[in-house]
Amino acid sequence: MNETIVYFPGCLASRKFPGFDYSTRFILQKLNIEFKMSDEFSCCPDPVWVRSLSYKEWKERGIRNLEIAKNLGSKLVTICNGCFETLFTVKKTFFNGKSIPVEHLLYTLWKNKKEEIKNKIINPLNGKRFGIHEGCHFKRPTSLTLTEFKELKEVNVLKEMVELLGAEAVEGTESCCGLPNFITDKELSFFLARKRIDEFKNVDGIVVICPSCFSQFENVLANDKREIPVYFYFELLAYSLGLDKENLGFEFHRIKPFSI
Amino acid sequence: MKLNPYFKEEVNRELGEHKILMCYQCGKCSSFCPLFNLEPEKFNPRRIIEMVNIGAEDVLKLDDIWRCTTCYECAENCPQKINFVELIVYLRTKATEKGFAPKLPLQELESVRKEGFSVPLSPRAKKWIENYMVEVKTRG
Ligand code: SF4
Ligand code: SF4
């Protein structure tokens, strides 16, 4: 993969959970992936509320972000399902698919870097058992995503990537974390999250690939005084590849992660 | 319930190819919807489509349309390939134009308008970034 990717961290990973952004940059460097970022990027914007309240502004900002990215590299890569959904959908809808390719970093690494990751693991997570949650907007709506990422039909990418680190991955129903309606019906939103969390029995934690799912699960667990830690996949990967624990940004977690 | 036939025409024109009119009310969307399965009284996507297709413009005033999480379970399972999320987005945009939007999500839009971002940068995160983001330390 000799190309420059454009890395789009998104609002939550760069402003609320900076350890996610840091871990990702560490991973990209460790895997010798050349990347560029831009201070010109704005919020993706959020595919739920900004799109629902002002479709025009959502579209215009999405197009603007893609235009900036196009001049920086050959592929736009996100670490958030929301950013992925917005930028991918905008590209599909308004550029007839002909703008810069948009991918979630998990897919990019699964597709191109599995072997290299395997060879570079310093701290394997052997013996750990994690509930895995890809989140809705990693591949849905499949009418749009499967046109480009056909493998996602058969493969659970997150499962393979967690197993790559030596841990056991526990699958569930792939249902929604409930974050989007937290703001309009908290009770229903928490209900959805609890249903999802309760699918995972006897796990050392829950692994997600979207900062929104992360924040939803942590808030519900903290509210319910339950000590199940939630991990962002790229934190675990960065740790496995040798990032020092104190640099992971664990102090931004609401539920203390177990020692890994 | 007041009916406005122009409303259903407008929705179907805006979303293209009279897609929403293709709904034959089988209810599969609702049976796969996680919200319907928890609280059928609070949220029923089949019912929302029905209201649109008979021209019940008051659907824009319902709290229901703000509950959908946009998880796409409905769209994945609709035999008529209707993307219900597109409809929800459209109805919410219309409701906002008419002043029916709940306050909280509007705050996020305002923040995007003012700062360009939906999430504020906390002083704690700012400090952490200044301390750590300079170089990436490795053990390997
Ligand atoms: S699944 Fe499709 S056709 Fe059936 S009721 Fe829902 S929208 Fe209509
Ligand atoms: S997208 Fe909305 S209507 Fe469709 S299944 Fe999910 S919550 Fe239900």
# chains A, B, ... in the order shown; residues from 1 in each chain; ligands from 1

call {"tool": "interface_residues", "arguments": {"of": "chain A", "to": "chain B", "cutoff": "6 Å", "atoms": "only C-alpha atoms", "output": "PDB file with all heavy atoms, in the first residue's frame"}}
result
ATOM      1  N   CYS A  11     -14.627  14.733  15.139  1.00  0.00           N
ATOM      2  CA  CYS A  11     -14.750  15.563  16.354  1.00  0.00           C
ATOM      3  C   CYS A  11     -14.491  14.799  17.651  1.00  0.00           C
ATOM      4  O   CYS A  11     -13.710  15.230  18.495  1.00  0.00           O
ATOM      5  CB  CYS A  11     -16.148  16.159  16.446  1.00  0.00           C
ATOM      6  SG  CYS A  11     -16.537  17.330  15.160  1.00  0.00           S
ATOM      7  N   ARG A  15     -11.338  15.653  19.900  1.00  0.00           N
ATOM      8  CA  ARG A  15     -11.675  16.707  20.870  1.00  0.00           C
ATOM      9  C   ARG A  15     -12.192  16.176  22.201  1.00  0.00           C
ATOM     10  O   ARG A  15     -12.119  16.853  23.214  1.00  0.00           O
ATOM     11  CB  ARG A  15     -12.698  17.672  20.266  1.00  0.00           C
ATOM     12  CG  ARG A  15     -12.177  18.335  18.988  1.00  0.00           C
ATOM     13  CD  ARG A  15     -13.286  19.009  18.201  1.00  0.00           C
ATOM     14  NE  ARG A  15     -13.706  20.260  18.788  1.00  0.00           N
ATOM     15  CZ  ARG A  15     -13.117  21.427  18.589  1.00  0.00           C
ATOM     16  NH1 ARG A  15     -12.049  21.498  17.820  1.00  0.00           N
ATOM     17  NH2 ARG A  15     -13.577  22.526  19.153  1.00  0.00           N
ATOM     18  N   SER A  42     -13.727  20.383   8.763  1.00  0.00           N
ATOM     19  CA  SER A  42     -14.692  20.689   9.825  1.00  0.00           C
ATOM     20  C   SER A  42     -15.297  19.354  10.261  1.00  0.00           C
ATOM     21  O   SER A  42     -14.889  18.301   9.799  1.00  0.00           O
ATOM     22  CB  SER A  42     -15.791  21.603   9.282  1.00  0.00           C
ATOM     23  OG  SER A  42     -16.599  20.884   8.375  1.00  0.00           O
ATOM     24  N   CYS A  43     -16.274  19.428  11.146  1.00  0.00           N
ATOM     25  CA  CYS A  43     -17.080  18.258  11.499  1.00  0.00           C
ATOM     26  C   CYS A  43     -17.543  17.606  10.194  1.00  0.00           C
ATOM     27  O   CYS A  43     -17.803  18.293   9.216  1.00  0.00           O
ATOM     28  CB  CYS A  43     -18.273  18.774  12.295  1.00  0.00           C
ATOM     29  SG  CYS A  43     -19.457  17.544  12.800  1.00  0.00           S
ATOM     30  N   VAL A  50     -27.176  16.560  12.276  1.00  0.00           N
ATOM     31  CA  VAL A  50     -26.965  17.664  11.332  1.00  0.00           C
ATOM     32  C   VAL A  50     -27.699  17.355  10.025  1.00  0.00           C
ATOM     33  O   VAL A  50     -28.384  18.203   9.461  1.00  0.00           O
ATOM     34  CB  VAL A  50     -25.463  17.942  11.094  1.00  0.00           C
ATOM     35  CG1 VAL A  50     -25.286  19.035  10.059  1.00  0.00           C
ATOM     36  CG2 VAL A  50     -24.786  18.351  12.395  1.00  0.00           C
ATOM     37  N   SER A  52     -30.334  15.534   9.684  1.00  0.00           N
ATOM     38  CA  SER A  52     -31.778  15.591   9.900  1.00  0.00           C
ATOM     39  C   SER A  52     -32.306  17.012  10.049  1.00  0.00           C
ATOM     40  O   SER A  52     -33.470  17.272   9.799  1.00  0.00           O
ATOM     41  CB  SER A  52     -32.156  14.849  11.188  1.00  0.00           C
ATOM     42  OG  SER A  52     -31.980  13.463  11.039  1.00  0.00           O
ATOM     43  N   LEU A  53     -31.462  17.914  10.523  1.00  0.00           N
ATOM     44  CA  LEU A  53     -31.951  19.262  10.806  1.00  0.00           C
ATOM     45  C   LEU A  53     -31.694  20.209   9.651  1.00  0.00           C
ATOM     46  O   LEU A  53     -32.447  21.153   9.424  1.00  0.00           O
ATOM     47  CB  LEU A  53     -31.287  19.806  12.078  1.00  0.00           C
ATOM     48  CG  LEU A  53     -31.629  19.028  13.341  1.00  0.00           C
ATOM     49  CD1 LEU A  53     -30.699  19.418  14.482  1.00  0.00           C
ATOM     50  CD2 LEU A  53     -33.077  19.269  13.737  1.00  0.00           C
ATOM     51  N   SER A  54     -30.613  19.989   8.940  1.00  0.00           N
ATOM     52  CA  SER A  54     -30.320  20.852   7.806  1.00  0.00           C
ATOM     53  C   SER A  54     -29.564  20.034   6.759  1.00  0.00           C
ATOM     54  O   SER A  54     -28.339  20.004   6.737  1.00  0.00           O
ATOM     55  CB  SER A  54     -29.492  22.059   8.260  1.00  0.00           C
ATOM     56  OG  SER A  54     -29.124  22.809   7.123  1.00  0.00           O
ATOM     57  N   CYS A 136     -23.774   0.192  13.743  1.00  0.00           N
ATOM     58  CA  CYS A 136     -24.613   0.182  12.534  1.00  0.00           C
ATOM     59  C   CYS A 136     -23.908   0.736  11.305  1.00  0.00           C
ATOM     60  O   CYS A 136     -23.975   0.169  10.229  1.00  0.00           O
ATOM     61  CB  CYS A 136     -25.871   1.007  12.772  1.00  0.00           C
ATOM     62  SG  CYS A 136     -26.829   0.441  14.183  1.00  0.00           S
ATOM     63  N   PRO A 141     -26.157   1.456   5.300  1.00  0.00           N
ATOM     64  CA  PRO A 141     -26.977   0.525   4.541  1.00  0.00           C
ATOM     65  C   PRO A 141     -26.137  -0.256   3.530  1.00  0.00           C
ATOM     66  O   PRO A 141     -25.377   0.327   2.770  1.00  0.00           O
ATOM     67  CB  PRO A 141     -27.957   1.441   3.808  1.00  0.00           C
ATOM     68  CG  PRO A 141     -27.226   2.719   3.642  1.00  0.00           C
ATOM     69  CD  PRO A 141     -26.302   2.836   4.816  1.00  0.00           C
ATOM     70  N   PRO A 180     -27.990   7.581  18.927  1.00  0.00           N
ATOM     71  CA  PRO A 180     -28.637   8.687  18.218  1.00  0.00           C
ATOM     72  C   PRO A 180     -29.873   9.253  18.906  1.00  0.00           C
ATOM     73  O   PRO A 180     -30.129  10.450  18.815  1.00  0.00           O
ATOM     74  CB  PRO A 180     -28.979   8.098  16.849  1.00  0.00           C
ATOM     75  CG  PRO A 180     -27.927   7.064  16.645  1.00  0.00           C
ATOM     76  CD  PRO A 180     -27.728   6.458  18.004  1.00  0.00           C
ATOM     77  N   ASN A 181     -30.658   8.415  19.571  1.00  0.00           N
ATOM     78  CA  ASN A 181     -31.842   9.025  20.195  1.00  0.00           C
ATOM     79  C   ASN A 181     -31.670   9.281  21.690  1.00  0.00           C
ATOM     80  O   ASN A 181     -32.628   9.562  22.383  1.00  0.00           O
ATOM     81  CB  ASN A 181     -33.122   8.237  19.869  1.00  0.00           C
ATOM     82  CG  ASN A 181     -33.094   6.818  20.382  1.00  0.00           C
ATOM     83  OD1 ASN A 181     -32.224   6.458  21.171  1.00  0.00           O
ATOM     84  ND2 ASN A 181     -34.045   6.006  19.965  1.00  0.00           N
ATOM     85  N   GLY A 242       2.930  -1.753  20.823  1.00  0.00           N
ATOM     86  CA  GLY A 242       4.004  -1.219  21.652  1.00  0.00           C
ATOM     87  C   GLY A 242       3.809   0.173  22.231  1.00  0.00           C
ATOM     88  O   GLY A 242       4.728   0.729  22.833  1.00  0.00           O
ATOM     89  N   LEU A 243       2.644   0.761  22.091  1.00  0.00           N
ATOM     90  CA  LEU A 243       2.439   2.092  22.692  1.00  0.00           C
ATOM     91  C   LEU A 243       2.382   1.963  24.218  1.00  0.00           C
ATOM     92  O   LEU A 243       1.727   1.065  24.754  1.00  0.00           O
ATOM     93  CB  LEU A 243       1.136   2.719  22.169  1.00  0.00           C
ATOM     94  CG  LEU A 243       0.811   4.127  22.656  1.00  0.00           C
ATOM     95  CD1 LEU A 243       1.884   5.134  22.232  1.00  0.00           C
ATOM     96  CD2 LEU A 243      -0.537   4.595  22.139  1.00  0.00           C
TER      97      LEU A 243
END

call {"tool": "select_by_dssp", "arguments": {"residues": "chain B", "states": "helix (DSSP H, G or I)", "output": "ChimeraX atom specification"}}
result
/B:5-15,20-22,28-32,34-38,45-54,57-61,63-66,73-77,84-97,103-115,123-132

call {"tool": "residues_around", "arguments": {"residues": "Met37 in chain A", "least_positions_apart": "6", "cutoff": "8 Å", "atoms": "only C-alpha atoms", "output": "number ranges by chain"}}
result
A: 6-8

call {"tool": "write_last_selection", "arguments": {"atoms": "all heavy atoms", "output": "mmCIF file, in the first residue's frame"}}
result
data_model
loop_
_atom_site.group_PDB
_atom_site.id
_atom_site.type_symbol
_atom_site.label_atom_id
_atom_site.label_comp_id
_atom_site.auth_asym_id
_atom_site.auth_seq_id
_atom_site.Cartn_x
_atom_site.Cartn_y
_atom_site.Cartn_z
ATOM 1 N N VAL A 6 -5.376 10.152 3.571
ATOM 2 C CA VAL A 6 -5.780 11.355 4.287
ATOM 3 C C VAL A 6 -6.532 10.876 5.512
ATOM 4 O O VAL A 6 -7.544 10.184 5.392
ATOM 5 C CB VAL A 6 -6.679 12.242 3.408
ATOM 6 C CG1 VAL A 6 -6.972 13.542 4.123
ATOM 7 C CG2 VAL A 6 -6.036 12.476 2.058
ATOM 8 N N TYR A 7 -5.995 11.216 6.662
ATOM 9 C CA TYR A 7 -6.569 10.726 7.920
ATOM 10 C C TYR A 7 -7.524 11.780 8.484
ATOM 11 O O TYR A 7 -7.148 12.925 8.708
ATOM 12 C CB TYR A 7 -5.425 10.392 8.874
ATOM 13 C CG TYR A 7 -5.809 10.252 10.327
ATOM 14 C CD1 TYR A 7 -6.899 9.470 10.715
ATOM 15 C CD2 TYR A 7 -5.064 10.880 11.323
ATOM 16 C CE1 TYR A 7 -7.241 9.345 12.046
ATOM 17 C CE2 TYR A 7 -5.398 10.756 12.661
ATOM 18 C CZ TYR A 7 -6.493 9.999 13.016
ATOM 19 O OH TYR A 7 -6.827 9.891 14.331
ATOM 20 N N PHE A 8 -8.777 11.367 8.697
ATOM 21 C CA PHE A 8 -9.839 12.261 9.176
ATOM 22 C C PHE A 8 -10.280 11.778 10.557
ATOM 23 O O PHE A 8 -11.084 10.858 10.656
ATOM 24 C CB PHE A 8 -11.006 12.197 8.175
ATOM 25 C CG PHE A 8 -12.101 13.194 8.428
ATOM 26 C CD1 PHE A 8 -12.135 14.398 7.739
ATOM 27 C CD2 PHE A 8 -13.119 12.928 9.353
ATOM 28 C CE1 PHE A 8 -13.161 15.322 7.965
ATOM 29 C CE2 PHE A 8 -14.133 13.851 9.587
ATOM 30 C CZ PHE A 8 -14.158 15.049 8.882
#

call {"tool": "closest_atom_pairs", "arguments": {"of": "chain A", "to": "ligand 2", "cutoff": "12 Å", "atoms": "only C-alpha atoms and all ligand atoms", "output": "JSON lines"}}
result
{"residue": "A:Val48", "atom": "CA", "partner": "ligand 2", "partner_atom_place_in_ligand_line": "1 (S)", "distance": 10.5}
{"residue": "A:Cys136", "atom": "CA", "partner": "ligand 2", "partner_atom_place_in_ligand_line": "6 (Fe)", "distance": 9.1}
{"residue": "A:His137", "atom": "CA", "partner": "ligand 2", "partner_atom_place_in_ligand_line": "1 (S)", "distance": 10.8}
{"residue": "A:Arg140", "atom": "CA", "partner": "ligand 2", "partner_atom_place_in_ligand_line": "1 (S)", "distance": 10.0}
{"residue": "A:Pro141", "atom": "CA", "partner": "ligand 2", "partner_atom_place_in_ligand_line": "1 (S)", "distance": 9.7}
{"residue": "A:Ser175", "atom": "CA", "partner": "ligand 2", "partner_atom_place_in_ligand_line": "6 (Fe)", "distance": 9.2}
{"residue": "A:Cys176", "atom": "CA", "partner": "ligand 2", "partner_atom_place_in_ligand_line": "6 (Fe)", "distance": 7.8}
{"residue": "A:Cys177", "atom": "CA", "partner": "ligand 2", "partner_atom_place_in_ligand_line": "7 (S)", "distance": 10.7}
{"residue": "A:Gly178", "atom": "CA", "partner": "ligand 2", "partner_atom_place_in_ligand_line": "7 (S)", "distance": 8.6}
{"residue": "A:Leu179", "atom": "CA", "partner": "ligand 2", "partner_atom_place_in_ligand_line": "7 (S)", "distance": 11.0}
{"residue": "A:Pro180", "atom": "CA", "partner": "ligand 2", "partner_atom_place_in_ligand_line": "7 (S)", "distance": 9.3}
{"residue": "A:Asn181", "atom": "CA", "partner": "ligand 2", "partner_atom_place_in_ligand_line": "7 (S)", "distance": 9.0}
{"residue": "A:Leu188", "atom": "CA", "partner": "ligand 2", "partner_atom_place_in_ligand_line": "7 (S)", "distance": 10.6}
{"residue": "A:Ser189", "atom": "CA", "partner": "ligand 2", "partner_atom_place_in_ligand_line": "7 (S)", "distance": 10.3}
{"residue": "A:Leu192", "atom": "CA", "partner": "ligand 2", "partner_atom_place_in_ligand_line": "7 (S)", "distance": 10.2}

call {"tool": "residues_around", "arguments": {"residues": "Thr145 in chain A", "least_positions_apart": "3", "cutoff": "12 Å", "atoms": "only C-alpha atoms", "output": "ChimeraX atom specification"}}
result
/A:84-85,87-89,91-92,97,101-104,107,136-142,148-153 /B:76

call {"tool": "residues_around", "arguments": {"residues": "Val162 in chain A", "least_positions_apart": "4", "cutoff": "10 Å", "atoms": "only C-alpha atoms", "output": "JSON, numbers by chain"}}
result
{"A": [125, 128, 129, 130, 131, 132, 157, 158, 166, 167, 168, 169, 170, 207, 233, 236, 237]}

call {"tool": "closest_atom_pairs", "arguments": {"of": "chain B", "to": "ligand 1", "cutoff": "7 Å", "atoms": "only C-alpha atoms and all ligand atoms", "output": "tab-separated table"}}
result
residue	atom	partner	partner_atom_place_in_ligand_line	distance
B:Met22	CA	ligand 1	3 (S)	6.8
B:Cys23	CA	ligand 1	8 (Fe)	3.7
B:Tyr24	CA	ligand 1	3 (S)	4.6
B:Gln25	CA	ligand 1	5 (S)	3.5
B:Cys26	CA	ligand 1	4 (Fe)	3.9
B:Gly27	CA	ligand 1	5 (S)	3.9
B:Lys28	CA	ligand 1	1 (S)	4.1
B:Cys29	CA	ligand 1	1 (S)	4.0
B:Ser30	CA	ligand 1	6 (Fe)	6.6
B:Pro45	CA	ligand 1	6 (Fe)	6.9
B:Arg46	CA	ligand 1	5 (S)	4.8
B:Ile49	CA	ligand 1	7 (S)	6.7
B:Cys74	CA	ligand 1	1 (S)	6.5
B:Asn77	CA	ligand 1	1 (S)	6.4
B:Cys78	CA	ligand 1	1 (S)	3.8
B:Pro79	CA	ligand 1	2 (Fe)	5.7
B:Gln80	CA	ligand 1	3 (S)	5.1
B:Lys81	CA	ligand 1	2 (Fe)	6.5
B:Ile82	CA	ligand 1	2 (Fe)	5.5
B:Phe84	CA	ligand 1	7 (S)	6.6

call {"tool": "write_last_selection", "arguments": {"atoms": "N, CA, C and O atoms", "output": "short mmCIF file (atom, residue, chain, number, x, y, z; two decimals), in the first residue's frame"}}
result
data_model
loop_
_atom_site.label_atom_id
_atom_site.label_comp_id
_atom_site.auth_asym_id
_atom_site.auth_seq_id
_atom_site.Cartn_x
_atom_site.Cartn_y
_atom_site.Cartn_z
N MET B 22 -44.27 3.01 -3.07
CA MET B 22 -44.11 1.58 -3.35
C MET B 22 -44.37 0.71 -2.12
O MET B 22 -44.44 -0.51 -2.21
N CYS B 23 -44.49 1.36 -0.96
CA CYS B 23 -44.72 0.60 0.26
C CYS B 23 -46.06 -0.11 0.19
O CYS B 23 -47.08 0.50 -0.11
N TYR B 24 -46.07 -1.43 0.48
CA TYR B 24 -47.35 -2.12 0.52
C TYR B 24 -47.72 -2.57 1.93
O TYR B 24 -48.48 -3.53 2.10
N GLN B 25 -47.15 -1.84 2.90
CA GLN B 25 -47.61 -1.99 4.29
C GLN B 25 -47.47 -3.40 4.86
O GLN B 25 -48.31 -3.83 5.64
N CYS B 26 -46.42 -4.10 4.46
CA CYS B 26 -46.25 -5.45 4.97
C CYS B 26 -45.81 -5.47 6.44
O CYS B 26 -45.97 -6.47 7.13
N GLY B 27 -45.19 -4.35 6.89
CA GLY B 27 -44.80 -4.27 8.29
C GLY B 27 -43.45 -4.90 8.63
O GLY B 27 -43.06 -4.97 9.79
N LYS B 28 -42.73 -5.32 7.61
CA LYS B 28 -41.42 -5.93 7.89
C LYS B 28 -40.48 -4.92 8.54
O LYS B 28 -39.70 -5.26 9.44
N CYS B 29 -40.54 -3.67 8.08
CA CYS B 29 -39.67 -2.63 8.66
C CYS B 29 -39.89 -2.59 10.18
O CYS B 29 -38.93 -2.59 10.96
N SER B 30 -41.15 -2.59 10.61
CA SER B 30 -41.44 -2.52 12.05
C SER B 30 -40.98 -3.78 12.77
O SER B 30 -40.44 -3.70 13.87
N PRO B 45 -42.40 2.40 12.33
CA PRO B 45 -42.05 2.93 11.01
C PRO B 45 -43.12 2.66 9.94
O PRO B 45 -43.40 3.51 9.11
N ARG B 46 -43.74 1.49 9.98
CA ARG B 46 -44.79 1.21 8.99
C ARG B 46 -45.90 2.25 9.08
O ARG B 46 -46.40 2.75 8.08
N ILE B 49 -44.89 5.61 7.51
CA ILE B 49 -45.01 5.59 6.04
C ILE B 49 -46.47 5.67 5.62
O ILE B 49 -46.84 6.38 4.69
N CYS B 74 -34.51 -1.54 9.21
CA CYS B 74 -35.71 -1.54 8.38
C CYS B 74 -35.34 -1.59 6.89
O CYS B 74 -35.84 -2.43 6.14
N ASN B 77 -34.23 -4.79 5.39
CA ASN B 77 -35.20 -5.87 5.31
C ASN B 77 -36.47 -5.56 4.52
O ASN B 77 -37.37 -6.38 4.44
N CYS B 78 -36.55 -4.37 3.94
CA CYS B 78 -37.77 -4.00 3.21
C CYS B 78 -37.81 -4.70 1.84
O CYS B 78 -36.90 -4.54 1.04
N PRO B 79 -38.88 -5.47 1.55
CA PRO B 79 -38.95 -6.16 0.26
C PRO B 79 -39.06 -5.18 -0.92
O PRO B 79 -38.74 -5.55 -2.04
N GLN B 80 -39.51 -3.96 -0.64
CA GLN B 80 -39.63 -2.97 -1.71
C GLN B 80 -38.40 -2.06 -1.79
O GLN B 80 -38.41 -1.05 -2.49
N LYS B 81 -37.36 -2.41 -1.06
CA LYS B 81 -36.11 -1.65 -1.05
C LYS B 81 -36.31 -0.16 -0.74
O LYS B 81 -35.67 0.72 -1.31
N ILE B 82 -37.23 0.11 0.17
CA ILE B 82 -37.44 1.49 0.60
C ILE B 82 -36.45 1.82 1.71
O ILE B 82 -36.28 1.04 2.65
N PHE B 84 -36.06 3.73 4.62
CA PHE B 84 -36.86 4.50 5.57
C PHE B 84 -36.06 5.65 6.20
O PHE B 84 -36.62 6.69 6.55
#

call {"tool": "closest_residue", "arguments": {"among": "B:Ile54, B:Leu87, B:Leu60, B:Met1", "to": "Arg51 in chain A", "atoms": "only C-alpha atoms"}}
result
B:Leu87

call {"tool": "closest_residue", "arguments": {"among": "B:Lys98, B:Lys114, B:Asn53, B:Glu130", "to": "Pro5 in chain B", "atoms": "only C-alpha atoms"}}
result
B:Asn53

call {"tool": "atom_distance", "arguments": {"atom1": "CA of Phe182 in chain A", "atom2": "CA of Cys80 in chain A"}}
result
18.0 Å

call {"tool": "atom_distance", "arguments": {"atom1": "CA of Lys225 in chain A", "atom2": "CA of Glu163 in chain A"}}
result
28.8 Å

call {"tool": "atom_distance", "arguments": {"atom1": "CA of Asn219 in chain A", "atom2": "CA of Lys256 in chain A"}}
result
12.6 Å

call {"tool": "residues_around", "arguments": {"residues": "Lys70 in chain A", "least_positions_apart": "3", "cutoff": "12 Å", "atoms": "only C-alpha atoms", "output": "JSON, numbers by chain"}}
result
{"A": [4, 5, 6, 7, 36, 37, 38, 41, 63, 64, 65, 66, 67, 73, 74, 75, 76, 77, 91, 98, 99, 100, 101, 102]}

call {"tool": "select_by_dssp", "arguments": {"residues": "range 45-260 of chain A", "states": "strand (DSSP E or B)", "output": "list in words"}}
result
Lys75, Leu76, Val77, Thr78, Val102, Glu103, His104, Arg129, Phe130, Gly131, Ile132, His133, Glu168, Ala169, Val170, Gly205, Ile206, Val207, Val208, Val230, Tyr231 and Phe232 of chain A

call {"tool": "write_last_selection", "arguments": {"atoms": "N, CA and C atoms", "output": "compact mmCIF listing (two decimals), in the first residue's frame"}}
result
# COMPACT_ATOMS: atom_id res chain seq x y z
N LYS A 75 -6.72 8.47 -0.65
CA LYS A 75 -7.81 7.76 0.03
C LYS A 75 -8.12 8.48 1.34
N LEU A 76 -9.39 8.67 1.63
CA LEU A 76 -9.78 9.32 2.88
C LEU A 76 -10.15 8.22 3.88
N VAL A 77 -9.52 8.27 5.07
CA VAL A 77 -9.73 7.21 6.04
C VAL A 77 -10.24 7.79 7.36
N THR A 78 -11.33 7.20 7.88
CA THR A 78 -11.91 7.71 9.13
C THR A 78 -11.75 6.67 10.25
N VAL A 102 -13.44 6.56 0.20
CA VAL A 102 -13.60 6.75 1.64
C VAL A 102 -13.66 5.38 2.31
N GLU A 103 -12.85 5.19 3.34
CA GLU A 103 -12.86 3.92 4.07
C GLU A 103 -12.80 4.14 5.57
N HIS A 104 -13.28 3.15 6.32
CA HIS A 104 -13.04 3.13 7.76
C HIS A 104 -11.67 2.48 7.95
N ARG A 129 -11.01 -11.80 26.72
CA ARG A 129 -12.26 -12.14 26.03
C ARG A 129 -13.07 -10.85 25.89
N PHE A 130 -13.31 -10.45 24.65
CA PHE A 130 -13.99 -9.17 24.44
C PHE A 130 -15.30 -9.33 23.66
N GLY A 131 -16.34 -8.67 24.12
CA GLY A 131 -17.57 -8.54 23.33
C GLY A 131 -17.28 -7.55 22.20
N ILE A 132 -17.69 -7.86 20.99
CA ILE A 132 -17.37 -6.94 19.90
C ILE A 132 -18.63 -6.29 19.32
N HIS A 133 -18.50 -5.01 19.03
CA HIS A 133 -19.63 -4.23 18.51
C HIS A 133 -19.14 -3.37 17.35
N GLU A 168 -9.97 -13.36 22.46
CA GLU A 168 -11.17 -14.05 21.98
C GLU A 168 -12.25 -13.00 21.71
N ALA A 169 -12.97 -13.15 20.58
CA ALA A 169 -14.01 -12.18 20.24
C ALA A 169 -15.38 -12.82 20.39
N VAL A 170 -16.25 -12.18 21.20
CA VAL A 170 -17.60 -12.70 21.41
C VAL A 170 -18.57 -11.87 20.58
N GLY A 205 -14.27 -6.96 28.56
CA GLY A 205 -14.57 -5.63 28.06
C GLY A 205 -15.33 -5.71 26.77
N ILE A 206 -15.74 -4.52 26.29
CA ILE A 206 -16.45 -4.45 25.01
C ILE A 206 -15.60 -3.62 24.06
N VAL A 207 -15.42 -4.10 22.85
CA VAL A 207 -14.57 -3.39 21.89
C VAL A 207 -15.43 -2.79 20.80
N VAL A 208 -15.21 -1.50 20.55
CA VAL A 208 -16.00 -0.78 19.54
C VAL A 208 -15.06 -0.10 18.54
N VAL A 230 -14.91 -0.36 28.38
CA VAL A 230 -15.15 -0.28 26.94
C VAL A 230 -13.83 0.17 26.30
N TYR A 231 -13.45 -0.48 25.22
CA TYR A 231 -12.20 -0.11 24.53
C TYR A 231 -12.48 0.28 23.09
N PHE A 232 -11.75 1.26 22.63
CA PHE A 232 -11.76 1.62 21.23
C PHE A 232 -10.74 0.70 20.56
